[in-house]
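Q: The structure's right below; bear with me while I get my questions together.
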Amino acid sequence: MTQQTQFTINRAPASIRKLAHIIKDPIVFTSVVSVTIGLLGISTWYYYYHNKHKHGSPVLDPHIVKQFKLIEIRPLTHNAHIYRFALPCKDDILGLHIGQHITLVANINGKEVSRSYTPITTDEDRGFFELLIKAYSHGTLTPHIASMKVGDTIGVRGPKGTFAYTSNMVKHMVMIAGGTGITPMYQIIKDILRNPEDKTSITLIFGNVTQDDILLEKELHELSTEHVDQFSVYHVLNSPPQEWTQGTGFVTKEILQEKLPAPSPDTKILVCGPSPFVVSVTKSTTELGYEAPRTVSKLTDQVFKF
């Protein structure tokens, strides 16, 4: 200790002089330093933990299958349900770009089975994600999912997919969906319409067998009513009810010619649905002058197949 420091301490109040004398003891000094370092460590841990908990963390891993617990099942139609799965923490997010999908993995009769699905929720929804899944009696994974009970878990890996939506990507987004092909469209529609800075015009052409088969019909109607100048829906039914005023039969070239804007760099077409549906629709869009899609679509393609 320097003479100047000693002089300063000597002029300090008695309580400070006594504390300085105590700290001069090597054992006491070491203990004080250890406690201080410990408190700093705890404070640092608390800051980062609290910050992580507050803002949430992406939970998906493209290489590792993680298990997520089913916490809610909501019926949508006679054979389709919305399944809600919990994330580890209430503020966690999937970490999925708008338009991407995940892979569900399950062990069925000793064999690993996997299929791709697009959540109908986004990273705006924290602590959970939801999947809209239609059960097919001849399917492999969907009967397994349909048999799940609240509390059961399923494996998830991701994200996957080359489509990642960004605001104002194009001026006009045309979506042509069949059946459960509505799920990526619905996710993108919600993202566009919740953002007042996104001016993208959306046209959805949605093909189904009957009106009872239309998934998210109420939600789509509400969105089109709330955003009448930005979003329109045109339904096409194979077996429509009486007094049906929209499309009937299949989504044909004639229907697309009537509903689609002229091909331009400011228009992108998204197509999702059963394989025969996608083949038929993209054949029609090519004949109408849009770019022919690739076998595996890229983000820059004018016609993108999910």
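Please note that chains go A, B, ... in the order of the structure tokens, that every chain numbers its residues from 1, and that ligands are numbered from 1 in the order shown.
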Region 82-85 of chain A: which residues within 6 Å, counting only C-alpha atoms, same-chain residues fewer than 4 positions away excluded, as a list in words?
A: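 The filter keeps Lys69, Leu70, Ile71, Glu72, Ile73, Arg74, Phe128, Phe129, Glu130, Leu131 and Leu132 of chain A.
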Q: Can you pull out every residue within 12 Å of region 285-293 of chain A, counting only C-alpha atoms, but drop anything in the same chain fewer than 2 positions away, and send it as a VMD selection string?
A: chain A and resid 174 to 176 251 to 271 278 to 283 295 to 306
Q: Env of Thr103 (chain A): 6 Å cut, atoms = only C-alpha atoms, seq-sep filter 6 positions within chain, self excluded. Answer as number ranges by chain.
A: A: 115-116, 156-157
Q: Could you write out, as a list of chain:residue names, all the residues of region 188-280 of chain A that DSSP marks as strand (DSSP E)?
A: A:Ser201, A:Ile202, A:Thr203, A:Leu204, A:Ile205, A:Phe206, A:Gly207, A:Asn208, A:Phe231, A:Ser232, A:Val233, A:Tyr234, A:His235, A:Val236, A:Leu237, A:Gly247, A:Thr248, A:Thr267, A:Lys268, A:Ile269, A:Leu270, A:Val271, A:Cys272
Q: Please save C-alpha atoms of the selected residues as a compact mmCIF listing (two decimals), in the first residue's frame.
A:
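Output file part-v1.txt is given in full below:
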# COMPACT_ATOMS: atom_id res chain seq x y z
CA SER A 201 -52.49 -8.04 -53.35
CA ILE A 202 -53.60 -11.65 -52.78
CA THR A 203 -55.86 -13.84 -54.92
CA LEU A 204 -56.69 -17.30 -53.55
CA ILE A 205 -58.30 -19.98 -55.72
CA PHE A 206 -59.25 -22.89 -53.48
CA GLY A 207 -60.43 -26.24 -54.84
CA ASN A 208 -62.32 -28.84 -52.79
CA PHE A 231 -57.46 -10.24 -50.40
CA SER A 232 -60.03 -12.19 -52.42
CA VAL A 233 -61.06 -15.86 -52.28
CA TYR A 234 -62.64 -17.90 -55.05
CA HIS A 235 -63.85 -21.40 -54.17
CA VAL A 236 -64.17 -24.21 -56.69
CA LEU A 237 -66.18 -27.31 -55.69
CA GLY A 247 -66.68 -22.21 -59.33
CA THR A 248 -67.84 -25.76 -60.03
CA THR A 267 -46.82 -11.54 -60.11
CA LYS A 268 -45.95 -14.83 -58.41
CA ILE A 269 -48.09 -17.98 -58.40
CA LEU A 270 -47.96 -20.42 -55.48
CA VAL A 271 -49.41 -23.92 -55.96
CA CYS A 272 -50.02 -26.57 -53.29
Q: Taking the chain letters and numbering used in this document, name the residues of region 57-259 of chain A that DSSP puts in helix (DSSP H, G or I), as a count of residues only.
A: 40
Q: Please identify all polymer residues within 6 Å of region 181-183 of chain A, counting only C-alpha atoms, omitting same-chain residues fewer than 4 positions from it, and present them as a list of chain:residue names.
A: A:Thr118, A:Ile120, A:Ala177, A:Cys272, A:Gly273
Q: A:His144, A:Arg194, A:Lys149, A:His78: which is nearest Gln211 (chain A), counting only C-alpha atoms?
A: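 Distance minimum relative to Gln211 (chain A) lands on A:His78.
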Q: So, counting only C-alpha atoms, which residue among A:Leu87, A:Ile154, A:Lys111, A:Ser137 is closest to Gln67 (chain A)?
A: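 Smallest separation from Gln67 (chain A) among the options: A:Ile154.
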Q: Pick from A:Val59, A:Val113, A:Val150, A:Leu94: nearest to Asp125 (chain A), with only C-alpha atoms counted?
A: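 For Asp125 (chain A), the nearest of the given residues is A:Leu94.
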Q: Report, in Å to a single decimal, how far apart CA of Pro119 (chain A) and CA of Asp212 (chain A) are.
A: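 Those two atoms sit 21.6 Å apart.
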